[in-house]
>>> print(open('input.tsv').read())   # TSV, C-alpha atoms
chain	number	residue	atom	x	y	z
A	1	ASP	CA	-258.86	50.16	-56.94
A	2	THR	CA	-262.62	50.42	-56.48
A	3	ALA	CA	-263.38	51.55	-52.93
A	4	VAL	CA	-266.98	50.32	-52.64
A	5	SER	CA	-268.06	47.85	-55.28
A	6	GLN	CA	-271.51	46.47	-55.87
A	7	THR	CA	-272.69	43.66	-58.06
A	8	PRO	CA	-274.64	43.41	-60.22
A	9	LYS	CA	-274.89	46.89	-61.70
A	10	TYR	CA	-278.22	46.10	-63.34
A	11	LEU	CA	-280.83	43.56	-62.32
A	12	VAL	CA	-284.04	42.90	-64.24
A	13	THR	CA	-286.31	40.28	-62.77
A	14	GLN	CA	-289.90	39.18	-62.59
A	15	MET	CA	-292.28	39.74	-59.72
A	16	GLY	CA	-292.10	37.07	-57.09
A	17	ASN	CA	-288.46	36.19	-57.68
A	18	ASP	CA	-285.72	36.29	-55.05
A	19	LYS	CA	-282.52	38.20	-55.76
A	20	SER	CA	-279.33	39.28	-54.00
A	21	ILE	CA	-277.05	42.28	-54.32
A	22	LYS	CA	-273.47	42.09	-53.07
A	23	CYS	CA	-271.30	44.86	-51.72
A	24	GLU	CA	-267.64	44.94	-50.76
A	25	GLN	CA	-265.43	47.78	-49.53
A	26	ASN	CA	-261.64	47.86	-49.39
A	27	LEU	CA	-261.35	51.08	-47.39
A	28	GLY	CA	-260.96	49.42	-44.02
A	29	HIS	CA	-264.16	51.07	-42.85
A	30	ASP	CA	-266.08	49.65	-39.89
A	31	THR	CA	-269.58	50.63	-40.98
A	32	MET	CA	-271.63	49.80	-44.05
A	33	TYR	CA	-275.06	50.85	-45.25
A	34	TRP	CA	-277.81	50.11	-47.73
A	35	TYR	CA	-279.72	53.03	-49.19
A	36	LYS	CA	-282.62	52.97	-51.63
A	37	GLN	CA	-283.03	55.77	-54.19
A	38	ASP	CA	-286.48	55.95	-55.72
A	39	SER	CA	-287.58	57.42	-59.04
A	40	LYS	CA	-287.74	60.88	-57.47
A	41	LYS	CA	-284.08	60.56	-56.48
A	42	PHE	CA	-284.86	60.41	-52.75
A	43	LEU	CA	-282.14	58.49	-50.90
A	44	LYS	CA	-283.48	56.63	-47.88
A	45	ILE	CA	-281.48	54.51	-45.48
A	46	MET	CA	-282.52	50.90	-45.10
A	47	PHE	CA	-279.88	49.20	-42.95
A	48	SER	CA	-276.56	49.84	-41.31
A	49	TYR	CA	-273.98	47.41	-39.96
A	50	ASN	CA	-271.06	48.23	-37.73
A	51	ASN	CA	-268.42	45.51	-37.55
A	52	LYS	CA	-270.95	42.90	-38.67
A	53	GLU	CA	-273.56	44.03	-36.14
A	54	LEU	CA	-276.88	45.48	-37.28
A	55	ILE	CA	-277.23	48.99	-35.85
A	56	ILE	CA	-279.90	50.60	-38.04
A	57	ASN	CA	-282.96	48.78	-39.31
A	58	GLU	CA	-285.42	51.22	-40.81
A	59	THR	CA	-289.04	50.39	-41.54
A	60	VAL	CA	-288.33	48.01	-44.37
A	61	PRO	CA	-290.48	45.00	-45.38
A	62	ASN	CA	-289.31	41.68	-43.96
A	63	ARG	CA	-288.69	40.56	-47.54
A	64	PHE	CA	-285.43	42.53	-47.33
A	65	SER	CA	-282.71	40.78	-45.37
A	66	PRO	CA	-279.18	42.14	-45.05
A	67	LYS	CA	-276.23	39.98	-44.18
A	68	SER	CA	-272.71	40.97	-43.20
A	69	PRO	CA	-270.26	38.05	-43.12
A	70	ASP	CA	-267.42	40.41	-42.18
A	71	LYS	CA	-266.96	44.15	-41.89
A	72	ALA	CA	-265.85	44.46	-45.52
A	73	HIS	CA	-268.98	42.87	-46.97
A	74	LEU	CA	-272.66	43.67	-46.79
A	75	ASN	CA	-275.15	41.82	-48.94
A	76	LEU	CA	-278.85	42.43	-49.48
A	77	HIS	CA	-281.27	39.63	-50.22
A	78	ILE	CA	-284.78	40.41	-51.39
A	79	ASN	CA	-287.54	37.80	-51.39
A	80	SER	CA	-290.76	37.84	-53.39
A	81	LEU	CA	-289.89	40.93	-55.39
A	82	GLU	CA	-292.64	43.45	-56.05
A	83	LEU	CA	-293.01	46.18	-58.66
A	84	GLY	CA	-292.50	48.82	-55.96
A	85	ASP	CA	-289.04	47.45	-55.21
A	86	SER	CA	-287.80	48.88	-58.50
A	87	ALA	CA	-285.19	51.47	-57.57
A	88	VAL	CA	-281.46	52.05	-57.40
A	89	TYR	CA	-279.89	50.45	-54.35
A	90	PHE	CA	-276.67	51.99	-53.08
A	91	CYS	CA	-274.21	50.45	-50.72
A	92	ALA	CA	-272.04	52.86	-48.72
A	93	SER	CA	-269.40	52.73	-46.04
A	94	SER	CA	-267.93	55.07	-43.44
A	95	LEU	CA	-264.86	54.96	-41.24
A	96	ARG	CA	-266.96	54.35	-38.15
A	97	ALA	CA	-270.57	54.64	-37.12
A	98	GLY	CA	-271.23	58.28	-36.45
A	99	ASN	CA	-270.97	61.59	-38.19
A	100	TYR	CA	-268.48	60.62	-40.86
A	101	GLY	CA	-268.82	61.12	-44.58
A	102	TYR	CA	-270.00	58.12	-46.51
A	103	THR	CA	-268.43	56.61	-49.61
A	104	PHE	CA	-271.00	55.19	-51.98
A	105	GLY	CA	-270.82	52.29	-54.37
A	106	SER	CA	-271.88	52.70	-57.98
A	107	GLY	CA	-275.38	51.42	-57.33
A	108	THR	CA	-277.54	48.54	-58.51
A	109	ARG	CA	-280.50	49.44	-60.70
A	110	LEU	CA	-283.22	46.92	-59.91
A	111	THR	CA	-286.17	46.67	-62.27
A	112	VAL	CA	-289.03	44.37	-61.38
A	113	VAL	CA	-291.34	43.52	-64.27
B	1	GLN	CA	-292.34	68.50	-42.18
B	2	LYS	CA	-289.55	66.73	-44.02
B	3	GLU	CA	-286.39	66.11	-42.04
B	4	VAL	CA	-284.18	67.71	-44.68
B	5	GLU	CA	-285.65	70.06	-47.24
B	6	GLN	CA	-284.22	71.35	-50.47
B	7	ASN	CA	-285.69	73.14	-53.45
B	8	SER	CA	-285.77	70.57	-56.24
B	9	GLY	CA	-284.92	73.14	-58.92
B	10	PRO	CA	-283.71	73.16	-61.55
B	11	LEU	CA	-281.50	76.06	-60.55
B	12	SER	CA	-280.08	77.55	-63.70
B	13	VAL	CA	-276.98	79.76	-63.55
B	14	PRO	CA	-274.73	81.05	-66.34
B	15	GLU	CA	-271.17	79.84	-66.59
B	16	GLY	CA	-268.87	81.84	-64.32
B	17	ALA	CA	-271.65	82.87	-61.92
B	18	ILE	CA	-272.13	81.86	-58.28
B	19	ALA	CA	-274.59	79.05	-57.64
B	20	SER	CA	-276.28	79.13	-54.25
B	21	LEU	CA	-277.89	75.94	-52.97
B	22	ASN	CA	-279.92	75.90	-49.77
B	23	CYS	CA	-281.05	73.32	-47.28
B	24	THR	CA	-283.07	73.39	-44.06
B	25	TYR	CA	-283.38	70.65	-41.48
B	26	SER	CA	-285.78	69.87	-38.68
B	27	ASP	CA	-283.65	68.07	-36.08
B	28	ARG	CA	-282.42	70.90	-33.88
B	29	VAL	CA	-279.59	68.88	-32.37
B	30	SER	CA	-278.12	67.70	-35.67
B	31	GLN	CA	-274.37	67.48	-35.46
B	32	SER	CA	-272.88	67.19	-38.91
B	33	PHE	CA	-273.79	68.38	-42.36
B	34	PHE	CA	-272.68	67.18	-45.74
B	35	TRP	CA	-273.07	68.10	-49.38
B	36	TYR	CA	-272.99	65.40	-52.01
B	37	ARG	CA	-272.94	65.80	-55.76
B	38	GLN	CA	-274.70	63.24	-57.93
B	39	TYR	CA	-274.35	63.18	-61.69
B	40	SER	CA	-277.17	61.54	-63.62
B	41	GLY	CA	-276.86	57.77	-63.43
B	42	LYS	CA	-273.95	57.93	-60.98
B	43	SER	CA	-273.52	57.54	-57.24
B	44	PRO	CA	-273.42	60.40	-54.72
B	45	GLU	CA	-269.96	61.86	-54.17
B	46	LEU	CA	-269.03	63.73	-51.00
B	47	ILE	CA	-267.85	67.26	-51.78
B	48	MET	CA	-268.11	69.14	-48.48
B	49	SER	CA	-268.66	68.55	-44.79
B	50	ILE	CA	-269.28	71.16	-42.10
B	51	TYR	CA	-269.65	70.70	-38.37
B	52	SER	CA	-269.69	74.15	-36.79
B	53	ASN	CA	-271.39	77.46	-37.46
B	54	GLY	CA	-269.85	79.70	-40.07
B	55	ASP	CA	-268.22	79.18	-43.43
B	56	LYS	CA	-265.93	76.46	-44.71
B	57	GLU	CA	-264.15	76.91	-48.01
B	58	ASP	CA	-262.63	74.27	-50.27
B	59	GLY	CA	-261.58	75.50	-53.68
B	60	ARG	CA	-264.61	76.89	-55.51
B	61	PHE	CA	-266.97	75.48	-52.89
B	62	THR	CA	-268.08	77.19	-49.68
B	63	ALA	CA	-270.39	75.54	-47.17
B	64	GLN	CA	-272.24	77.77	-44.72
B	65	LEU	CA	-273.94	76.59	-41.55
B	66	ASN	CA	-276.33	78.40	-39.23
B	67	LYS	CA	-277.51	76.04	-36.52
B	68	ALA	CA	-279.78	78.63	-34.90
B	69	SER	CA	-281.71	78.94	-38.16
B	70	GLN	CA	-281.28	75.23	-38.98
B	71	TYR	CA	-279.92	76.18	-42.33
B	72	VAL	CA	-277.00	75.00	-44.41
B	73	SER	CA	-275.97	76.22	-47.83
B	74	LEU	CA	-273.45	75.52	-50.55
B	75	LEU	CA	-271.97	78.21	-52.75
B	76	ILE	CA	-270.21	77.29	-55.97
B	77	ARG	CA	-268.09	80.10	-57.37
B	78	ASP	CA	-267.15	80.40	-61.03
B	79	SER	CA	-269.71	77.75	-61.97
B	80	GLN	CA	-268.71	75.45	-64.79
B	81	PRO	CA	-270.85	73.26	-67.05
B	82	SER	CA	-269.22	70.27	-65.34
B	83	ASP	CA	-270.91	71.41	-62.10
B	84	SER	CA	-274.29	70.55	-63.60
B	85	ALA	CA	-275.59	67.80	-61.34
B	86	THR	CA	-277.96	67.17	-58.46
B	87	TYR	CA	-276.67	68.40	-55.11
B	88	LEU	CA	-277.81	66.47	-52.06
B	89	CYS	CA	-277.80	67.92	-48.58
B	90	ALA	CA	-277.33	65.34	-45.83
B	91	VAL	CA	-277.68	65.76	-42.08
B	92	PHE	CA	-276.45	63.52	-39.28
B	93	GLY	CA	-278.84	63.83	-36.37
B	94	THR	CA	-280.04	62.28	-33.14
B	95	ALA	CA	-281.18	59.11	-34.84
B	96	SER	CA	-277.51	58.39	-35.62
B	97	LYS	CA	-278.09	58.15	-39.32
B	98	LEU	CA	-277.39	60.28	-42.35
B	99	THR	CA	-280.63	61.70	-43.71
B	100	PHE	CA	-280.70	63.13	-47.21
B	101	GLY	CA	-282.76	65.83	-48.81
B	102	THR	CA	-284.33	65.23	-52.20
B	103	GLY	CA	-281.62	67.26	-53.91
B	104	THR	CA	-281.42	70.39	-56.03
B	105	ARG	CA	-280.70	70.02	-59.72
B	106	LEU	CA	-278.17	72.59	-60.89
B	107	GLN	CA	-277.83	73.52	-64.54
B	108	VAL	CA	-274.87	75.67	-65.58
B	109	THR	CA	-275.54	77.23	-68.95
B	110	LEU	CA	-272.98	78.38	-71.51
>>> encode(input="input.tsv", output="structure tokens")
Amino acid sequence: DTAVSQTPKYLVTQMGNDKSIKCEQNLGHDTMYWYKQDSKKFLKIMFSYNNKELIINETVPNRFSPKSPDKAHLNLHINSLELGDSAVYFCASSLRAGNYGYTFGSGTRLTVV
Amino acid sequence: QKEVEQNSGPLSVPEGAIASLNCTYSDRVSQSFFWYRQYSGKSPELIMSIYSNGDKEDGRFTAQLNKASQYVSLLIRDSQPSDSATYLCAVFGTASKLTFGTGTRLQVTL
């Protein structure tokens, strides 16, 4: 039933490790996104894919690498984790790229220690 | 200047009152405007969208848009304790991305 699902829900890891977050949507949407929400609750876009093609790539460190094997999946791999990467990462999807409302996943709370 | 600005609050209103949440944006040619509600520890949930000047009503919620003033607001009538949450204004602009404000925390008191 879940429209946009992310795994894992919680991730605690040490500095320097590499980790991945997975996202899947069953809404038939063409476009998927990664947003980062910091401790002050500010939601900032990181990446967007439309039908597996990268269309938005904000100023994000190269340690972050998204991958979309098909339009229903968008994963986020993070290398060499730093303390400042601690945040909640939300996956979202929309019907198409453009001014459509987004449906968000439940989020992944990443804590780097 | 931030792209989307909101008062962080908290905005405290008594149960049954009207809550008025405001948002201003800097991109003059922004096309679409959204309000999301986010409960603590949960994901943002779309509650309203508005695309043209004027008012749009959906149940207890009314979104108001004034493009000339670059201003969008959300009114919540008959506020309930279950409305207590952070309300995020989001704007779709020329950069073809949805940009969020920092949110206004609403507290509905008994």
>>> closest_atom_pairs(input="input.tsv", of="chain A", to="region 45-67 of chain B", cutoff="9 Å", atoms="only C-alpha atoms", output="JSON lines")
{"residue": "A:Tyr100", "atom": "CA", "partner": "B:Ser49", "partner_atom": "CA", "distance": 8.9}
{"residue": "A:Gly101", "atom": "CA", "partner": "B:Leu46", "partner_atom": "CA", "distance": 6.9}
{"residue": "A:Tyr102", "atom": "CA", "partner": "B:Leu46", "partner_atom": "CA", "distance": 7.3}
{"residue": "A:Thr103", "atom": "CA", "partner": "B:Glu45", "partner_atom": "CA", "distance": 7.1}
{"residue": "A:Phe104", "atom": "CA", "partner": "B:Glu45", "partner_atom": "CA", "distance": 7.1}
>>> closest_atom_pairs(input="input.tsv", of="chain B", to="chain A", cutoff="8 Å", atoms="all atoms listed in the file", output="JSON lines")
{"residue": "B:Gln31", "atom": "CA", "partner": "A:Asn99", "partner_atom": "CA", "distance": 7.3}
{"residue": "B:Ser32", "atom": "CA", "partner": "A:Asn99", "partner_atom": "CA", "distance": 6.0}
{"residue": "B:Phe34", "atom": "CA", "partner": "A:Gly101", "partner_atom": "CA", "distance": 7.3}
{"residue": "B:Lys42", "atom": "CA", "partner": "A:Ser106", "partner_atom": "CA", "distance": 6.4}
{"residue": "B:Ser43", "atom": "CA", "partner": "A:Ser106", "partner_atom": "CA", "distance": 5.2}
{"residue": "B:Pro44", "atom": "CA", "partner": "A:Phe104", "partner_atom": "CA", "distance": 6.4}
{"residue": "B:Glu45", "atom": "CA", "partner": "A:Phe104", "partner_atom": "CA", "distance": 7.1}
{"residue": "B:Leu46", "atom": "CA", "partner": "A:Gly101", "partner_atom": "CA", "distance": 6.9}
{"residue": "B:Ser49", "atom": "CA", "partner": "A:Gly101", "partner_atom": "CA", "distance": 7.4}
{"residue": "B:Phe92", "atom": "CA", "partner": "A:Asn99", "partner_atom": "CA", "distance": 5.9}
{"residue": "B:Ser96", "atom": "CA", "partner": "A:Gly98", "partner_atom": "CA", "distance": 6.3}
{"residue": "B:Lys97", "atom": "CA", "partner": "A:Gly98", "partner_atom": "CA", "distance": 7.4}
{"residue": "B:Leu98", "atom": "CA", "partner": "A:Ile45", "partner_atom": "CA", "distance": 7.7}
{"residue": "B:Thr99", "atom": "CA", "partner": "A:Lys44", "partner_atom": "CA", "distance": 7.2}
{"residue": "B:Phe100", "atom": "CA", "partner": "A:Leu43", "partner_atom": "CA", "distance": 6.1}
{"residue": "B:Gly101", "atom": "CA", "partner": "A:Phe42", "partner_atom": "CA", "distance": 7.0}
{"residue": "B:Thr102", "atom": "CA", "partner": "A:Phe42", "partner_atom": "CA", "distance": 4.9}
{"residue": "B:Gly103", "atom": "CA", "partner": "A:Lys41", "partner_atom": "CA", "distance": 7.6}
>>> residues_around(input="input.tsv", residues="Leu83 (chain A)", least_positions_apart="3", cutoff="10 Å", atoms="all atoms listed in the file", output="list of chain:residue names")
A:Thr13, A:Gln14, A:Met15, A:Gly16, A:Ser86, A:Ala87, A:Leu110, A:Thr111, A:Val112, A:Val113
>>> axis_aligned_box(input="input.tsv", around="region 6-23 of chain A", padding_each_side="6 Å", output="JSON")
{"center_x": -281.8, "center_y": 41.5, "center_z": -58.0, "size_x": 33.0, "size_y": 22.7, "size_z": 24.5}
>>> residues_near_point(input="input.tsv", point="(-272.3, 37.8, -41.8)", cutoff="12 Å", atoms="only C-alpha atoms", output="CSV table (one decimal) with C-alpha atoms, keeping the file's coordinate frame")
chain,number,residue,atom,x,y,z
A,49,TYR,CA,-274.0,47.4,-40.0
A,50,ASN,CA,-271.1,48.2,-37.7
A,51,ASN,CA,-268.4,45.5,-37.6
A,52,LYS,CA,-271.0,42.9,-38.7
A,53,GLU,CA,-273.6,44.0,-36.1
A,54,LEU,CA,-276.9,45.5,-37.3
A,65,SER,CA,-282.7,40.8,-45.4
A,66,PRO,CA,-279.2,42.1,-45.0
A,67,LYS,CA,-276.2,40.0,-44.2
A,68,SER,CA,-272.7,41.0,-43.2
A,69,PRO,CA,-270.3,38.0,-43.1
A,70,ASP,CA,-267.4,40.4,-42.2
A,71,LYS,CA,-267.0,44.2,-41.9
A,72,ALA,CA,-265.8,44.5,-45.5
A,73,HIS,CA,-269.0,42.9,-47.0
A,74,LEU,CA,-272.7,43.7,-46.8
A,75,ASN,CA,-275.2,41.8,-48.9
A,76,LEU,CA,-278.8,42.4,-49.5
